[in-house]
Amino acid sequence: MRSFVPVLTVVTGIFAVWYLAAIWLNAPWAYDKATRSGEVLTLQTLIADTWSQDKPKLPAPHQVGIEIWETTVEKNITSKRSLIYHSWITLSATLLGFALGTGLGIALAIGIVYNRTMDMSVMPWVIASQTIPILALAPMIIVVLNAVGISGLLPKAMISMYLSFFPVVVGMVKGLRSPDAMQLDQMRTWNASPAQTFWRLRLPSSMPYLFTSLKVAMAASLVGAIVGELPTGAVAGLGARLLAGSYFGQTIQIWSALLMAAALAAALVSLVGLIQRITLKRMGMA
Amino acid sequence: MGWLVFAFGVWAGGWWLNTWMARLPPTRLTSLAVPVLFGLTLIAIWEGVVRGLEISPVLLPAPSMIALRFAASTAILWEDFVQTVIKGALSGYVLGCGSAFLIAILVDRFDFLRRGLLPVGNFVAALPVIGMAPILVMWFGFDWQSKAAVVVVMVFFPVLVNTVQGLTSATAMQKDLMRTYAAGYWTTLLKLRLPAAMPFVFNGLKIASTLALIGAIVAEFFGSPIRGMGFRISTSVGQLALDLVWAEIVVAAVAGSAFYGAIALIERAVTFWHPSQHH
């Protein structure tokens with residue numbers, strides 16, 4: 001609560017800058033229109049015009065808000081113009097990719113922790129794999145998978161998976177190795193089998209690390225799904241809305257898709273945070 | 001059939017050799033040889049499988065074909081490299097990280113700003129900022145300036161958040177010591193707090209280095225002049241020239257790793273005192 005007032009101030013500041021920037025960026029077009037129709041703009045009419053243009057360089061926040069309201073609440077969910085429909089397409093690819101990435105990440109981490117050969121040969125490549133800008137490969141992955149008959153959700157989910165497995169591997173390797181020598185010795189004195197050591201000691205102590213990674217992975221997965229939608233030729237999804245908006249200069253549409261993506265990211269990450277708090281509390285770790 | 005047997009043989013041989021090497025006492029040589037051998041094995045298996053199953057080059061070209069194409073089109077690759085990496089990614093990286101660093105120092109002076117900006121910055125760092133690309137391309141035109149702008153927006157918040165966090169990492173004891181030396185704000189900042197913040201700063205710079213390349217390439221999907229890595233990738237996919245796409249990917253991977261490696265080397269030189277640098 002201590003930081004509520006400062007955060008509110010900063011957010012208000014951002015909106016103020018946004019409104020001022022809208023006046024500044026849209027003014028040339030407003031002046032242009034005025035000279036052609038022979039009007040003289042006062043400060044008041046200038047501001048009114050820059051905040052209500054059809055295709056502004058920067059739409060004012062309330063224009064974006066109205067657009068979001070119209071395309072979510074007032075449209076039928078099944079309609080192709082509904083933002084909820086597009087968000088759902090993106091969300092499903094995100095969640096599938098996130099699940100696949102988390103599964104792959106945990107499996108790799110267990111292999112790396114328990115197998116020395118894997119640790120030495122795979123771990124450097126896991127790190128190197130992230131210096132490859134996978135998002136740049138998105139068009140090729142989509143086209144190639146389409147050519148072998150895989151289309152729809154899965155190609156996008158593959159890109160999300162590639163982006164989200166990395167933080168999970170790194171976090172889980174750290175987490176599974178977090179029990180110290182004393183705790184491992186204690187398990188040995190109890191004559192615990194490797195499986196018992198894993199289920200009763202290593203896995204529980206890795207949970208805080210896992211959840212931190214899952215938050216990063218969720219955000220990365222959403223980015224992957226959005227970029228994965230770009231090369232499909234703007235059919236459906238938030239990424240497709242961005243691309244279609246940029247083709248036709250529909251700035252309000254771009255901004256509303258962008259804000260929707262931001263809201264989705266915030267909701268997903270805080271959902272993981274909520275599960276983290278509940279789980280850790282029940283485990284007695286928080 | 002022969003190629004498939006070859007691939008299987010390489011897989012078994014590589015596996016055996018790596019297991020054997022991993023059991024040796026760990027030295028610098030084995031810790032380098034094992035991952036390299038793993039990578040070479042993967043490439044050899046790729047080559048064998050593509051040839052053995054006669055996979056169409058439109059789906060997946062063999063590594064040898066990619067290497068040939070790479071050697072044949074170095075002029076194009078170099079032109080794209082300059083356009084995307086040097087002009088787009090690097091200039092945006094320097095601009096974005098530099099401004100984030102300066103603003104972080106400014107924010108740190110005012111506790112009110114820090115408490116307000118940190119949660120907002122953390123929130124923005126988790127957003128799909130790459131979505132700003134079409135807007136920035138609209139504002140700054142098709143050439144490299146818009147790509148640099150996308151990179152600035154993408155790297156800004158990770159570096160800002162990490163630097164602000166790093167500036168709080170000097171302990172009260174250390175700050176008290178500076179006070180007993182009668183050190184002012186600037187002396188404390190330069191001699192104690194900035195050096196202490198460096199591990200955090202470099203963490204942000206490393207995250208930003210991979211983001212920079214991604215931002216510059218993806219921004220080209222929304223419009224670019226007729227050169228650049230993102231442009232070449234998206235048009236070559238359309239022409240089914242996948243060997244050229246893979247050659248661009250090799251360039252991107254090498255550039256990305258070299259960028260990251262350079263930052264890591266500078267980090268080792270600057271933060272030699274930090275425990276994580278002792279091996």
# chains A, B, ... in the order shown; residues from 1 in each chain; ligands from 1
call {"tool": "residues_around", "arguments": {"residues": "B:Phe222", "least_positions_apart": "6", "cutoff": "10 Å", "atoms": "only C-alpha atoms", "output": "ChimeraX atom specification"}}
result
/A:230,242-243,246-247 /B:133-138,142,230-231
call {"tool": "write_last_selection", "arguments": {"atoms": "C-alpha atoms", "output": "compact mmCIF listing (two decimals), in the first residue's frame"}}
result
# COMPACT_ATOMS: atom_id res chain seq x y z
CA LEU A 230 2.05 -12.36 -38.21
CA LEU A 242 -1.82 -5.72 -35.45
CA LEU A 243 -0.75 -6.64 -38.97
CA SER A 246 -0.71 -1.61 -39.95
CA TYR A 247 -1.64 -2.48 -43.56
CA ALA B 133 6.64 -2.40 -33.90
CA PRO B 134 3.87 -1.54 -36.42
CA ILE B 135 3.22 1.81 -34.70
CA LEU B 136 6.88 2.77 -34.62
CA VAL B 137 7.34 1.75 -38.26
CA MET B 138 4.44 4.08 -39.07
CA PHE B 142 10.62 2.06 -43.29
CA GLY B 230 13.94 -9.79 -41.50
CA PHE B 231 13.04 -8.66 -45.01
call {"tool": "residues_around", "arguments": {"residues": "stretch 177-192 of chain A", "least_positions_apart": "5", "cutoff": "8 Å", "atoms": "only C-alpha atoms", "output": "PDB file with C-alpha atoms, in the first residue's frame"}}
result
ATOM      1  CA  VAL A 113      20.546 -32.668 -12.966  1.00  0.00           C
ATOM      2  CA  THR A 197      15.101 -38.002  -2.742  1.00  0.00           C
ATOM      3  CA  LEU A 201      13.418 -33.204  -1.259  1.00  0.00           C
ATOM      4  CA  ARG A 202      14.534 -31.946  -4.657  1.00  0.00           C
ATOM      5  CA  SER A 205      12.642 -27.275  -2.798  1.00  0.00           C
ATOM      6  CA  SER A 206      12.597 -26.331  -6.481  1.00  0.00           C
TER       7      SER A 206
END
call {"tool": "atom_distance", "arguments": {"atom1": "atom CA of A:Ala217", "atom2": "atom CA of B:Gly204"}}
result
17.2 Å
call {"tool": "interface_residues", "arguments": {"of": "chain A", "to": "chain B", "cutoff": "8 Å", "atoms": "only C-alpha atoms", "output": "JSON, numbers by chain"}}
result
{"A": [3, 4, 5, 6, 7, 8, 9, 10, 11, 57, 116, 117, 120, 121, 122, 124, 125, 128, 130, 131, 132, 133, 134, 135, 136, 137, 139, 140, 143, 144, 147, 216, 219, 220, 222, 223, 239, 242, 243, 246, 251, 254, 258, 261, 262, 265, 266]}
call {"tool": "select_by_dssp", "arguments": {"residues": "stretch 144-191 of chain A", "states": "helix (DSSP H, G or I)", "output": "number ranges by chain"}}
result
A: 144-147, 153-176, 181-189
call {"tool": "write_last_selection", "arguments": {"atoms": "N, CA and C atoms", "output": "JSON list (two decimals), in the first residue's frame"}}
result
[["chain", "number", "residue", "atom", "x", "y", "z"],
["A", 144, "VAL", "N", 6.71, -24.07, -43.20],
["A", 144, "VAL", "CA", 7.16, -25.45, -43.34],
["A", 144, "VAL", "C", 6.18, -26.42, -42.68],
["A", 145, "LEU", "N", 5.71, -26.07, -41.48],
["A", 145, "LEU", "CA", 4.77, -26.96, -40.80],
["A", 145, "LEU", "C", 3.46, -27.04, -41.58],
["A", 146, "ASN", "N", 3.08, -25.92, -42.21],
["A", 146, "ASN", "CA", 1.90, -25.94, -43.06],
["A", 146, "ASN", "C", 2.07, -26.92, -44.22],
["A", 147, "ALA", "N", 3.30, -26.93, -44.78],
["A", 147, "ALA", "CA", 3.57, -27.76, -45.95],
["A", 147, "ALA", "C", 3.49, -29.25, -45.61],
["A", 153, "LEU", "N", -3.38, -24.32, -34.69],
["A", 153, "LEU", "CA", -2.87, -23.94, -33.37],
["A", 153, "LEU", "C", -1.41, -24.34, -33.18],
["A", 154, "LEU", "N", -1.06, -25.54, -33.66],
["A", 154, "LEU", "CA", 0.21, -26.15, -33.26],
["A", 154, "LEU", "C", 1.46, -25.36, -33.69],
["A", 155, "PRO", "N", 1.55, -24.86, -34.95],
["A", 155, "PRO", "CA", 2.76, -24.13, -35.32],
["A", 155, "PRO", "C", 3.02, -22.92, -34.42],
["A", 156, "LYS", "N", 1.95, -22.17, -34.09],
["A", 156, "LYS", "CA", 2.12, -21.03, -33.19],
["A", 156, "LYS", "C", 2.58, -21.49, -31.82],
["A", 157, "ALA", "N", 1.97, -22.61, -31.37],
["A", 157, "ALA", "CA", 2.32, -23.13, -30.05],
["A", 157, "ALA", "C", 3.78, -23.58, -30.01],
["A", 158, "MET", "N", 4.31, -24.07, -31.16],
["A", 158, "MET", "CA", 5.71, -24.49, -31.19],
["A", 158, "MET", "C", 6.63, -23.31, -30.92],
["A", 159, "ILE", "N", 6.29, -22.14, -31.51],
["A", 159, "ILE", "CA", 7.12, -20.95, -31.29],
["A", 159, "ILE", "C", 7.04, -20.53, -29.83],
["A", 160, "SER", "N", 5.83, -20.56, -29.28],
["A", 160, "SER", "CA", 5.67, -20.24, -27.85],
["A", 160, "SER", "C", 6.48, -21.20, -27.00],
["A", 161, "MET", "N", 6.45, -22.49, -27.39],
["A", 161, "MET", "CA", 7.16, -23.50, -26.63],
["A", 161, "MET", "C", 8.66, -23.20, -26.62],
["A", 162, "TYR", "N", 9.20, -22.87, -27.79],
["A", 162, "TYR", "CA", 10.63, -22.62, -27.89],
["A", 162, "TYR", "C", 11.04, -21.46, -27.00],
["A", 163, "LEU", "N", 10.16, -20.43, -26.93],
["A", 163, "LEU", "CA", 10.50, -19.27, -26.11],
["A", 163, "LEU", "C", 10.34, -19.57, -24.63],
["A", 164, "SER", "N", 9.37, -20.46, -24.27],
["A", 164, "SER", "CA", 9.07, -20.59, -22.85],
["A", 164, "SER", "C", 9.85, -21.72, -22.19],
["A", 165, "PHE", "N", 10.47, -22.64, -22.95],
["A", 165, "PHE", "CA", 11.15, -23.74, -22.26],
["A", 165, "PHE", "C", 12.44, -23.28, -21.59],
["A", 166, "PHE", "N", 13.06, -22.24, -22.15],
["A", 166, "PHE", "CA", 14.37, -21.82, -21.65],
["A", 166, "PHE", "C", 14.36, -21.34, -20.20],
["A", 167, "PRO", "N", 13.48, -20.37, -19.85],
["A", 167, "PRO", "CA", 13.48, -19.96, -18.44],
["A", 167, "PRO", "C", 13.15, -21.11, -17.50],
["A", 168, "VAL", "N", 12.31, -22.05, -17.94],
["A", 168, "VAL", "CA", 11.95, -23.18, -17.08],
["A", 168, "VAL", "C", 13.17, -24.07, -16.84],
["A", 169, "VAL", "N", 13.93, -24.38, -17.91],
["A", 169, "VAL", "CA", 15.12, -25.21, -17.74],
["A", 169, "VAL", "C", 16.07, -24.57, -16.75],
["A", 170, "VAL", "N", 16.39, -23.30, -16.99],
["A", 170, "VAL", "CA", 17.39, -22.63, -16.15],
["A", 170, "VAL", "C", 16.92, -22.58, -14.70],
["A", 171, "GLY", "N", 15.64, -22.20, -14.49],
["A", 171, "GLY", "CA", 15.12, -22.10, -13.14],
["A", 171, "GLY", "C", 15.06, -23.45, -12.44],
["A", 172, "MET", "N", 14.60, -24.49, -13.18],
["A", 172, "MET", "CA", 14.45, -25.80, -12.56],
["A", 172, "MET", "C", 15.81, -26.43, -12.24],
["A", 173, "VAL", "N", 16.81, -26.25, -13.10],
["A", 173, "VAL", "CA", 18.14, -26.80, -12.80],
["A", 173, "VAL", "C", 18.66, -26.17, -11.51],
["A", 174, "LYS", "N", 18.50, -24.86, -11.40],
["A", 174, "LYS", "CA", 18.91, -24.17, -10.18],
["A", 174, "LYS", "C", 18.12, -24.70, -8.98],
["A", 175, "GLY", "N", 16.79, -24.85, -9.18],
["A", 175, "GLY", "CA", 15.93, -25.27, -8.07],
["A", 175, "GLY", "C", 16.21, -26.69, -7.62],
["A", 176, "LEU", "N", 16.38, -27.61, -8.60],
["A", 176, "LEU", "CA", 16.61, -29.01, -8.23],
["A", 176, "LEU", "C", 17.96, -29.19, -7.56],
["A", 181, "ALA", "N", 24.24, -29.79, 0.84],
["A", 181, "ALA", "CA", 24.85, -31.09, 1.11],
["A", 181, "ALA", "C", 24.29, -31.70, 2.39],
["A", 182, "MET", "N", 24.01, -30.85, 3.38],
["A", 182, "MET", "CA", 23.48, -31.34, 4.66],
["A", 182, "MET", "C", 22.15, -32.06, 4.45],
["A", 183, "GLN", "N", 21.25, -31.44, 3.68],
["A", 183, "GLN", "CA", 19.94, -32.05, 3.46],
["A", 183, "GLN", "C", 20.06, -33.35, 2.68],
["A", 184, "LEU", "N", 20.96, -33.35, 1.65],
["A", 184, "LEU", "CA", 21.15, -34.57, 0.86],
["A", 184, "LEU", "C", 21.73, -35.68, 1.74],
["A", 185, "ASP", "N", 22.65, -35.33, 2.63],
["A", 185, "ASP", "CA", 23.22, -36.31, 3.55],
["A", 185, "ASP", "C", 22.14, -36.88, 4.46],
["A", 186, "GLN", "N", 21.26, -36.01, 4.91],
["A", 186, "GLN", "CA", 20.16, -36.45, 5.78],
["A", 186, "GLN", "C", 19.32, -37.52, 5.07],
["A", 187, "MET", "N", 19.01, -37.27, 3.77],
["A", 187, "MET", "CA", 18.26, -38.25, 3.00],
["A", 187, "MET", "C", 19.03, -39.57, 2.93],
["A", 188, "ARG", "N", 20.36, -39.47, 2.79],
["A", 188, "ARG", "CA", 21.16, -40.68, 2.68],
["A", 188, "ARG", "C", 21.13, -41.46, 4.00],
["A", 189, "THR", "N", 21.17, -40.75, 5.11],
["A", 189, "THR", "CA", 21.15, -41.47, 6.39],
["A", 189, "THR", "C", 19.82, -42.19, 6.59]]
call {"tool": "residues_around", "arguments": {"residues": "stretch 187-193 of chain B", "least_positions_apart": "3", "cutoff": "10 Å", "atoms": "only C-alpha atoms", "output": "PyMOL selection string"}}
result
chain B and resi 105+166-171+174-175+177-179+181-184+196-198
call {"tool": "write_last_selection", "arguments": {"atoms": "N, CA and C atoms", "output": "tab-separated table (two decimals), in the first residue's frame"}}
result
chain	number	residue	atom	x	y	z
B	105	ILE	N	19.56	6.52	-12.82
B	105	ILE	CA	20.29	7.31	-11.83
B	105	ILE	C	19.43	8.46	-11.33
B	166	GLY	N	19.91	-2.40	-8.83
B	166	GLY	CA	21.32	-2.50	-8.52
B	166	GLY	C	21.80	-1.35	-7.66
B	167	LEU	N	21.24	-0.16	-7.90
B	167	LEU	CA	21.69	1.01	-7.15
B	167	LEU	C	21.31	0.91	-5.67
B	168	THR	N	20.36	0.04	-5.33
B	168	THR	CA	20.00	-0.13	-3.93
B	168	THR	C	20.83	-1.24	-3.27
B	169	SER	N	21.77	-1.85	-4.02
B	169	SER	CA	22.40	-3.07	-3.49
B	169	SER	C	23.57	-2.79	-2.56
B	170	ALA	N	24.08	-1.55	-2.52
B	170	ALA	CA	25.15	-1.25	-1.56
B	170	ALA	C	24.56	-1.32	-0.15
B	171	THR	N	25.29	-1.97	0.79
B	171	THR	CA	24.72	-2.18	2.12
B	171	THR	C	24.85	-0.90	2.97
B	174	GLN	N	28.37	-0.20	4.15
B	174	GLN	CA	29.25	0.42	3.15
B	174	GLN	C	28.96	1.90	2.99
B	175	LYS	N	27.64	2.23	3.00
B	175	LYS	CA	27.27	3.64	2.85
B	175	LYS	C	27.76	4.45	4.05
B	177	LEU	N	30.34	3.82	5.82
B	177	LEU	CA	31.78	3.98	5.69
B	177	LEU	C	32.08	5.18	4.79
B	178	MET	N	31.34	5.29	3.66
B	178	MET	CA	31.54	6.42	2.76
B	178	MET	C	31.26	7.72	3.50
B	179	ARG	N	30.24	7.71	4.40
B	179	ARG	CA	29.90	8.93	5.13
B	179	ARG	C	31.03	9.32	6.09
B	181	TYR	N	34.02	8.90	5.52
B	181	TYR	CA	35.07	9.51	4.69
B	181	TYR	C	34.66	10.91	4.24
B	182	ALA	N	33.47	11.38	4.65
B	182	ALA	CA	32.93	12.67	4.23
B	182	ALA	C	32.72	12.73	2.71
B	183	ALA	N	32.32	11.59	2.12
B	183	ALA	CA	32.09	11.55	0.68
B	183	ALA	C	30.71	12.11	0.36
B	184	GLY	N	30.63	12.95	-0.67
B	184	GLY	CA	29.36	13.54	-1.08
B	184	GLY	C	28.56	12.56	-1.91
B	196	ALA	N	28.88	-1.22	-7.26
B	196	ALA	CA	28.10	-2.28	-6.62
B	196	ALA	C	26.90	-2.67	-7.48
B	197	ALA	N	26.42	-1.73	-8.31
B	197	ALA	CA	25.24	-2.00	-9.14
B	197	ALA	C	25.60	-2.79	-10.39
B	198	MET	N	26.89	-2.85	-10.73
B	198	MET	CA	27.30	-3.40	-12.02
B	198	MET	C	26.80	-4.83	-12.32
call {"tool": "decode", "arguments": {"residues": "stretch 146-167 of chain A", "atoms": "N, CA and C atoms", "output": "PDB file, in the first residue's frame"}}
result
ATOM      1  N   ASN A 146       3.082 -25.924 -42.207  1.00  0.00           N
ATOM      2  CA  ASN A 146       1.898 -25.943 -43.060  1.00  0.00           C
ATOM      3  C   ASN A 146       2.073 -26.922 -44.216  1.00  0.00           C
ATOM      4  N   ALA A 147       3.304 -26.930 -44.783  1.00  0.00           N
ATOM      5  CA  ALA A 147       3.568 -27.761 -45.947  1.00  0.00           C
ATOM      6  C   ALA A 147       3.494 -29.249 -45.607  1.00  0.00           C
ATOM      7  N   VAL A 148       3.846 -29.615 -44.361  1.00  0.00           N
ATOM      8  CA  VAL A 148       3.747 -31.031 -44.007  1.00  0.00           C
ATOM      9  C   VAL A 148       2.384 -31.344 -43.404  1.00  0.00           C
ATOM     10  N   GLY A 149       1.468 -30.402 -43.466  1.00  0.00           N
ATOM     11  CA  GLY A 149       0.097 -30.693 -43.075  1.00  0.00           C
ATOM     12  C   GLY A 149      -0.257 -30.342 -41.648  1.00  0.00           C
ATOM     13  N   ILE A 150       0.654 -29.675 -40.938  1.00  0.00           N
ATOM     14  CA  ILE A 150       0.322 -29.237 -39.581  1.00  0.00           C
ATOM     15  C   ILE A 150      -0.024 -27.765 -39.658  1.00  0.00           C
ATOM     16  N   SER A 151      -1.266 -27.418 -39.314  1.00  0.00           N
ATOM     17  CA  SER A 151      -1.627 -26.012 -39.370  1.00  0.00           C
ATOM     18  C   SER A 151      -2.525 -25.688 -38.196  1.00  0.00           C
ATOM     19  N   GLY A 152      -2.913 -24.430 -38.101  1.00  0.00           N
ATOM     20  CA  GLY A 152      -3.795 -24.011 -37.025  1.00  0.00           C
ATOM     21  C   GLY A 152      -3.026 -23.650 -35.773  1.00  0.00           C
ATOM     22  N   LEU A 153      -3.384 -24.316 -34.686  1.00  0.00           N
ATOM     23  CA  LEU A 153      -2.867 -23.940 -33.374  1.00  0.00           C
ATOM     24  C   LEU A 153      -1.413 -24.344 -33.178  1.00  0.00           C
ATOM     25  N   LEU A 154      -1.056 -25.544 -33.658  1.00  0.00           N
ATOM     26  CA  LEU A 154       0.214 -26.153 -33.264  1.00  0.00           C
ATOM     27  C   LEU A 154       1.460 -25.362 -33.687  1.00  0.00           C
ATOM     28  N   PRO A 155       1.551 -24.859 -34.949  1.00  0.00           N
ATOM     29  CA  PRO A 155       2.763 -24.125 -35.318  1.00  0.00           C
ATOM     30  C   PRO A 155       3.023 -22.923 -34.420  1.00  0.00           C
ATOM     31  N   LYS A 156       1.952 -22.172 -34.088  1.00  0.00           N
ATOM     32  CA  LYS A 156       2.117 -21.028 -33.193  1.00  0.00           C
ATOM     33  C   LYS A 156       2.578 -21.494 -31.822  1.00  0.00           C
ATOM     34  N   ALA A 157       1.969 -22.615 -31.373  1.00  0.00           N
ATOM     35  CA  ALA A 157       2.323 -23.126 -30.049  1.00  0.00           C
ATOM     36  C   ALA A 157       3.779 -23.576 -30.008  1.00  0.00           C
ATOM     37  N   MET A 158       4.306 -24.074 -31.157  1.00  0.00           N
ATOM     38  CA  MET A 158       5.707 -24.493 -31.190  1.00  0.00           C
ATOM     39  C   MET A 158       6.627 -23.306 -30.923  1.00  0.00           C
ATOM     40  N   ILE A 159       6.287 -22.144 -31.509  1.00  0.00           N
ATOM     41  CA  ILE A 159       7.122 -20.954 -31.294  1.00  0.00           C
ATOM     42  C   ILE A 159       7.041 -20.533 -29.831  1.00  0.00           C
ATOM     43  N   SER A 160       5.827 -20.556 -29.278  1.00  0.00           N
ATOM     44  CA  SER A 160       5.671 -20.240 -27.850  1.00  0.00           C
ATOM     45  C   SER A 160       6.477 -21.202 -27.001  1.00  0.00           C
ATOM     46  N   MET A 161       6.451 -22.490 -27.389  1.00  0.00           N
ATOM     47  CA  MET A 161       7.162 -23.503 -26.625  1.00  0.00           C
ATOM     48  C   MET A 161       8.655 -23.201 -26.620  1.00  0.00           C
ATOM     49  N   TYR A 162       9.201 -22.873 -27.791  1.00  0.00           N
ATOM     50  CA  TYR A 162      10.630 -22.622 -27.890  1.00  0.00           C
ATOM     51  C   TYR A 162      11.035 -21.461 -26.998  1.00  0.00           C
ATOM     52  N   LEU A 163      10.158 -20.427 -26.929  1.00  0.00           N
ATOM     53  CA  LEU A 163      10.500 -19.272 -26.109  1.00  0.00           C
ATOM     54  C   LEU A 163      10.336 -19.571 -24.631  1.00  0.00           C
ATOM     55  N   SER A 164       9.369 -20.455 -24.273  1.00  0.00           N
ATOM     56  CA  SER A 164       9.067 -20.595 -22.854  1.00  0.00           C
ATOM     57  C   SER A 164       9.851 -21.722 -22.189  1.00  0.00           C
ATOM     58  N   PHE A 165      10.471 -22.638 -22.946  1.00  0.00           N
ATOM     59  CA  PHE A 165      11.151 -23.738 -22.262  1.00  0.00           C
ATOM     60  C   PHE A 165      12.440 -23.278 -21.590  1.00  0.00           C
ATOM     61  N   PHE A 166      13.062 -22.236 -22.146  1.00  0.00           N
ATOM     62  CA  PHE A 166      14.369 -21.819 -21.649  1.00  0.00           C
ATOM     63  C   PHE A 166      14.356 -21.343 -20.199  1.00  0.00           C
ATOM     64  N   PRO A 167      13.480 -20.375 -19.850  1.00  0.00           N
ATOM     65  CA  PRO A 167      13.481 -19.960 -18.440  1.00  0.00           C
ATOM     66  C   PRO A 167      13.154 -21.110 -17.502  1.00  0.00           C
TER      67      PRO A 167
END
